[in-house]
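Structure file protein-v6.csv (CSV, C-alpha atoms) is printed below.
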chain,number,residue,atom,x,y,z
A,28,MET,CA,21.1,261.0,-63.7
A,29,VAL,CA,20.0,264.3,-62.1
A,30,VAL,CA,22.2,265.8,-59.5
A,31,HIS,CA,20.6,268.0,-56.8
A,32,PRO,CA,21.8,271.6,-56.8
A,33,ILE,CA,23.1,271.3,-53.3
A,34,SER,CA,25.3,268.4,-54.4
A,35,VAL,CA,26.6,270.4,-57.4
A,36,ILE,CA,27.5,273.3,-55.1
A,37,GLU,CA,29.3,270.9,-52.6
A,38,ILE,CA,31.2,269.2,-55.4
A,39,THR,CA,32.1,272.5,-57.1
A,40,MET,CA,33.4,274.0,-53.8
A,41,SER,CA,35.4,270.8,-53.1
A,42,VAL,CA,37.0,270.9,-56.6
A,43,PHE,CA,38.0,274.6,-56.1
A,44,LEU,CA,39.4,273.8,-52.6
A,45,ILE,CA,41.5,270.9,-54.0
A,46,ILE,CA,42.8,273.1,-56.9
A,47,ILE,CA,43.8,275.8,-54.4
A,48,ILE,CA,45.5,273.3,-52.2
A,49,PHE,CA,47.5,271.8,-55.1
A,50,VAL,CA,48.5,275.2,-56.4
A,51,ALA,CA,49.6,276.2,-53.0
A,52,ALA,CA,51.5,272.8,-52.7
A,53,LEU,CA,53.3,273.6,-56.0
A,54,LEU,CA,54.3,277.1,-54.9
A,55,VAL,CA,56.1,276.0,-51.7
A,56,PRO,CA,59.9,275.7,-51.8
A,57,LYS,CA,61.3,272.5,-53.5
A,58,LYS,CA,62.5,270.9,-50.3
A,59,SER,CA,58.9,271.0,-48.8
A,60,ARG,CA,57.1,270.3,-52.1
A,61,ASN,CA,56.9,266.5,-51.7
A,62,LEU,CA,55.4,266.8,-48.2
A,63,SER,CA,52.9,269.4,-49.4
A,64,LEU,CA,51.8,267.3,-52.4
A,65,ILE,CA,51.3,264.3,-50.1
A,66,ILE,CA,49.1,266.4,-47.8
A,67,ALA,CA,47.2,267.8,-50.8
A,68,SER,CA,46.7,264.2,-52.1
A,69,SER,CA,45.6,263.0,-48.7
A,70,ILE,CA,43.0,265.8,-48.5
A,71,THR,CA,41.7,264.8,-51.9
A,72,VAL,CA,41.3,261.2,-50.9
A,73,ILE,CA,39.5,262.3,-47.7
A,74,LEU,CA,37.1,264.4,-49.7
A,75,LEU,CA,36.4,261.7,-52.2
A,76,SER,CA,35.9,259.2,-49.4
A,77,PHE,CA,33.4,261.6,-47.8
A,78,PHE,CA,31.3,261.9,-50.9
A,79,ALA,CA,31.5,258.1,-51.5
A,80,ILE,CA,30.6,257.0,-47.9
A,81,ARG,CA,28.0,259.6,-47.0
A,82,PRO,CA,25.0,258.1,-48.8
A,83,TYR,CA,25.7,254.7,-47.2
A,84,TRP,CA,26.2,256.3,-43.8
A,85,ILE,CA,22.8,258.1,-44.0
A,86,ASP,CA,21.0,255.0,-45.2
A,87,ASP,CA,22.5,253.1,-42.2
A,88,GLN,CA,21.4,255.9,-39.8
A,89,VAL,CA,17.9,255.9,-41.3
A,90,SER,CA,17.6,252.2,-40.8
A,91,ASN,CA,18.5,252.6,-37.2
A,92,LYS,CA,16.0,255.4,-36.7
A,93,ALA,CA,13.3,253.4,-38.4
A,94,GLU,CA,13.9,250.5,-36.0
A,95,GLN,CA,13.7,253.0,-33.1
A,96,LEU,CA,10.5,254.4,-34.4
A,97,GLU,CA,9.1,250.8,-34.9
A,98,ASP,CA,9.8,250.0,-31.3
A,99,TYR,CA,8.2,253.3,-30.2
A,100,LEU,CA,5.1,252.6,-32.2
A,101,GLU,CA,4.8,249.0,-31.0
A,102,GLY,CA,4.8,250.3,-27.4
A,103,LYS,CA,2.4,253.2,-28.1
A,104,TYR,CA,0.0,251.5,-30.5
A,105,PRO,CA,0.0,247.7,-29.8
A,106,ASN,CA,-1.9,245.4,-32.1
A,107,GLN,CA,-1.9,247.9,-35.0
A,108,GLU,CA,-0.3,247.8,-38.4
A,109,TRP,CA,1.5,250.7,-40.1
A,110,GLU,CA,3.9,251.4,-42.9
A,111,ILE,CA,7.1,253.5,-42.4
A,112,SER,CA,8.5,255.4,-45.3
A,113,ARG,CA,10.5,258.6,-46.0
A,114,GLN,CA,10.8,261.2,-48.7
A,115,THR,CA,14.0,260.9,-50.6
A,116,GLY,CA,16.1,263.7,-52.0
A,117,ARG,CA,18.6,266.2,-50.6
A,118,GLN,CA,15.9,268.7,-49.8
A,119,TYR,CA,14.2,266.4,-47.3
A,120,ASN,CA,15.5,265.6,-43.8
A,121,PRO,CA,16.3,261.8,-43.9
A,122,TYR,CA,15.5,261.5,-40.2
A,123,HIS,CA,11.9,262.5,-40.7
A,124,LEU,CA,10.0,259.3,-41.2
A,125,ASN,CA,6.4,259.1,-42.5
A,126,VAL,CA,4.0,256.6,-40.9
A,127,GLU,CA,0.6,255.6,-42.4
A,128,PHE,CA,-1.5,253.4,-40.1
A,129,ASP,CA,-3.6,250.7,-41.8
A,130,ASN,CA,-6.7,251.6,-39.8
A,131,GLU,CA,-6.4,255.3,-40.8
A,132,LYS,CA,-5.8,255.4,-44.5
A,133,GLY,CA,-5.0,258.8,-46.0
A,134,TRP,CA,-3.4,260.2,-42.9
A,135,ILE,CA,0.3,260.5,-42.8
A,136,TYR,CA,2.1,261.3,-39.6
A,137,THR,CA,5.7,262.4,-39.8
A,138,TYR,CA,7.9,261.5,-36.8
A,139,SER,CA,11.2,263.1,-36.0
A,140,VAL,CA,13.6,260.6,-34.5
A,141,VAL,CA,16.3,262.5,-32.7
A,142,VAL,CA,17.4,259.8,-30.3
A,143,GLU,CA,15.7,256.6,-29.1
A,144,LYS,CA,14.2,258.5,-26.1
A,145,ASN,CA,13.3,261.6,-28.1
A,146,ILE,CA,10.7,260.6,-30.8
A,147,CYS,CA,7.8,262.9,-31.6
A,148,GLN,CA,5.4,263.7,-34.3
A,149,SER,CA,6.5,266.9,-36.1
A,150,VAL,CA,4.1,267.0,-39.1
A,151,TRP,CA,0.5,265.7,-39.7
A,152,THR,CA,-0.9,265.3,-43.2
A,153,PRO,CA,-4.6,264.7,-42.9
A,154,PRO,CA,-7.0,264.1,-45.8
A,155,GLU,CA,-8.5,267.2,-47.4
A,156,GLY,CA,-11.0,268.9,-45.2
A,157,LYS,CA,-9.8,267.3,-41.9
A,158,SER,CA,-7.9,268.8,-39.0
A,159,PRO,CA,-4.8,267.0,-37.6
A,160,HIS,CA,-6.6,266.9,-34.2
A,161,GLU,CA,-9.2,264.6,-35.7
A,162,GLY,CA,-6.7,261.9,-36.3
A,163,GLU,CA,-6.8,258.8,-34.2
A,164,HIS,CA,-3.0,258.8,-33.8
A,165,PHE,CA,-2.5,262.5,-33.4
A,166,GLU,CA,0.1,263.3,-30.7
A,167,SER,CA,0.7,266.8,-29.5
A,168,ASN,CA,4.1,266.2,-27.8
A,169,HIS,CA,6.8,268.6,-29.1
A,170,CYS,CA,10.3,267.7,-30.0
A,171,GLU,CA,13.0,268.9,-27.6
Translate the structure described by the file into structure tokens.
Amino acid sequence: MVVHPISVIEITMSVFLIIIIFVAALLVPKKSRNLSLIIASSITVILLSFFAIRPYWIDDQVSNKAEQLEDYLEGKYPNQEWEISRQTGRQYNPYHLNVEFDNEKGWIYTYSVVVEKNICQSVWTPPEGKSPHEGEHFESNHCE
């Protein structure tokens, strides 16, 4: 399993933060030590929950954004077929969805789905030697 460098940095910083919090909890006077250890343990559980839940949260949000994009495309390009995908990895924005239309193979249009009413093409990947303006599905609207 390969871990992305951003994830390594996040986890390392979290471990150092937890160590500092536990050291500080152990240095408080004895009468407050129990409470400080409970707080430090709670922060640890919250951080672990964050790292465990985040991938599922992002996948759920991407599913919602893909449905919103699907509705947008059905209204804008009725009677056409397309495939929606996304690039995976920490270095890619999960809310940028790639669309390849069946009647325009080789062209990939990347849509930014901010909210249901704010969907726009942000990137165009035409075949070699072509200009984005030559695409049948080229949209020049800008994201707000």
### Task
Mind giving me the straight-line distance from atom CA of Leu124 of chain A to atom CA of Val29 of chain A in Å, one decimal?
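Between these atoms lies a distance of 23.7 Å.
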I'd like the neighbourhood of Ile33 of chain A as a short mmCIF file (atom, residue, chain, number, x, y, z; two decimals) with C-alpha atoms, in the coordinates of the input, where a residue qualifies if any of its atoms comes within 9 Å (using only C-alpha atoms), though same-chain residues fewer than 3 positions away should be ignored.
data_model
loop_
_atom_site.label_atom_id
_atom_site.label_comp_id
_atom_site.auth_asym_id
_atom_site.auth_seq_id
_atom_site.Cartn_x
_atom_site.Cartn_y
_atom_site.Cartn_z
CA VAL A 30 22.20 265.80 -59.50
CA ILE A 36 27.50 273.30 -55.10
CA GLU A 37 29.30 270.90 -52.60
CA ILE A 38 31.20 269.20 -55.40
CA ARG A 117 18.60 266.20 -50.60
CA GLN A 118 15.90 268.70 -49.80
#
### Top pick for closest residue to Thr152 of chain A, considering A:Asp98, A:Glu108, A:Asp87, A:Glu131 and counting all atoms listed in the file
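Nearest to Thr152 of chain A: A:Glu131.
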### Query
So how far away is atom CA of Val50 of chain A from atom CA of Arg81 of chain A, in Å?
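Taking atom CA of Arg81 of chain A as the start and atom CA of Val50 of chain A as the end point, the length is 27.4 Å.
Nearest residue to Cys147 of chain A among A:Phe128, A:Phe49, A:Tyr99, A:Trp134 is A:Tyr99, counting all atoms listed in the file.
Distances from A:Ser90, A:Asn120, A:Gln95, A:Thr137 to Pro153 of chain A were compared using all atoms listed in the file, and the smallest one belongs to A:Thr137.
Between atom CA of Ile46 of chain A and atom CA of Trp84 of chain A there is a distance of 27.0 Å.
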### Summary
With distances taken over all atoms listed in the file, the candidate from A:Leu75, A:Ala51, A:Leu96, A:Leu62 nearest Val140 of chain A is A:Leu96
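You can rank A:Gln114, A:Val89, A:Trp151, A:Asn125 by their closest distance to Ser167 of chain A using only C-alpha atoms, and at the top of that list sits A:Trp151.
Residue neighbourhood of Phe165 of chain A, excluding near-sequence residues (fewer than 5 positions): Tyr136, Trp151, Pro159 and His160 of chain A, at 8 Å, using only C-alpha atoms.
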### Contacts of Leu53 of chain A at 9 Å (only C-alpha atoms; same-chain gap of 4+ positions) as a list of chain:residue names
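These residues fall inside the cut-off: A:Ile48, A:Phe49, A:Lys57, A:Arg60, A:Ser63, A:Leu64.
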### Query
Restricting the calculation to all atoms listed in the file, which member of A:Pro121, A:Gly162, A:Pro105, A:Gly116 is positioned closest to Ala93 of chain A?
A:Pro121
Starting from the incomplete input, reconstruct N, CA, C and O atoms of segment 44-56 of chain A and report them as a JSON list (two decimals), in the coordinates of the input.
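rebuild.json was written with the following content:
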[["chain", "number", "residue", "atom", "x", "y", "z"],
["A", 44, "LEU", "N", 38.52, 273.93, -53.80],
["A", 44, "LEU", "CA", 39.40, 273.80, -52.60],
["A", 44, "LEU", "C", 40.60, 272.91, -52.98],
["A", 44, "LEU", "O", 41.75, 273.25, -52.65],
["A", 45, "ILE", "N", 40.37, 271.81, -53.67],
["A", 45, "ILE", "CA", 41.50, 270.90, -54.00],
["A", 45, "ILE", "C", 42.43, 271.61, -55.01],
["A", 45, "ILE", "O", 43.65, 271.50, -54.86],
["A", 46, "ILE", "N", 41.90, 272.35, -55.96],
["A", 46, "ILE", "CA", 42.80, 273.10, -56.90],
["A", 46, "ILE", "C", 43.62, 274.09, -56.15],
["A", 46, "ILE", "O", 44.84, 274.19, -56.38],
["A", 47, "ILE", "N", 43.02, 274.83, -55.21],
["A", 47, "ILE", "CA", 43.80, 275.80, -54.40],
["A", 47, "ILE", "C", 44.86, 275.15, -53.61],
["A", 47, "ILE", "O", 46.00, 275.62, -53.55],
["A", 48, "ILE", "N", 44.52, 274.01, -53.01],
["A", 48, "ILE", "CA", 45.50, 273.30, -52.20],
["A", 48, "ILE", "C", 46.67, 272.80, -53.05],
["A", 48, "ILE", "O", 47.84, 272.91, -52.66],
["A", 49, "PHE", "N", 46.37, 272.26, -54.23],
["A", 49, "PHE", "CA", 47.50, 271.80, -55.10],
["A", 49, "PHE", "C", 48.30, 272.92, -55.65],
["A", 49, "PHE", "O", 49.53, 272.78, -55.76],
["A", 50, "VAL", "N", 47.67, 274.03, -55.98],
["A", 50, "VAL", "CA", 48.50, 275.20, -56.40],
["A", 50, "VAL", "C", 49.37, 275.67, -55.32],
["A", 50, "VAL", "O", 50.55, 275.94, -55.55],
["A", 51, "ALA", "N", 48.82, 275.74, -54.10],
["A", 51, "ALA", "CA", 49.60, 276.20, -53.00],
["A", 51, "ALA", "C", 50.78, 275.15, -52.72],
["A", 51, "ALA", "O", 51.91, 275.55, -52.41],
["A", 52, "ALA", "N", 50.49, 273.85, -52.90],
["A", 52, "ALA", "CA", 51.50, 272.80, -52.70],
["A", 52, "ALA", "C", 52.64, 272.96, -53.73],
["A", 52, "ALA", "O", 53.81, 272.68, -53.43],
["A", 53, "LEU", "N", 52.30, 273.38, -54.93],
["A", 53, "LEU", "CA", 53.30, 273.60, -56.00],
["A", 53, "LEU", "C", 54.13, 274.84, -55.80],
["A", 53, "LEU", "O", 55.22, 274.96, -56.35],
["A", 54, "LEU", "N", 53.59, 275.79, -55.04],
["A", 54, "LEU", "CA", 54.30, 277.10, -54.90],
["A", 54, "LEU", "C", 55.24, 277.08, -53.66],
["A", 54, "LEU", "O", 56.00, 278.03, -53.52],
["A", 55, "VAL", "N", 55.21, 276.05, -52.84],
["A", 55, "VAL", "CA", 56.10, 276.00, -51.70],
["A", 55, "VAL", "C", 57.54, 275.69, -52.20],
["A", 55, "VAL", "O", 57.72, 275.17, -53.31],
["A", 56, "PRO", "N", 58.55, 275.98, -51.39],
["A", 56, "PRO", "CA", 59.90, 275.70, -51.80],
["A", 56, "PRO", "C", 60.12, 274.19, -52.13],
["A", 56, "PRO", "O", 59.42, 273.34, -51.59]]
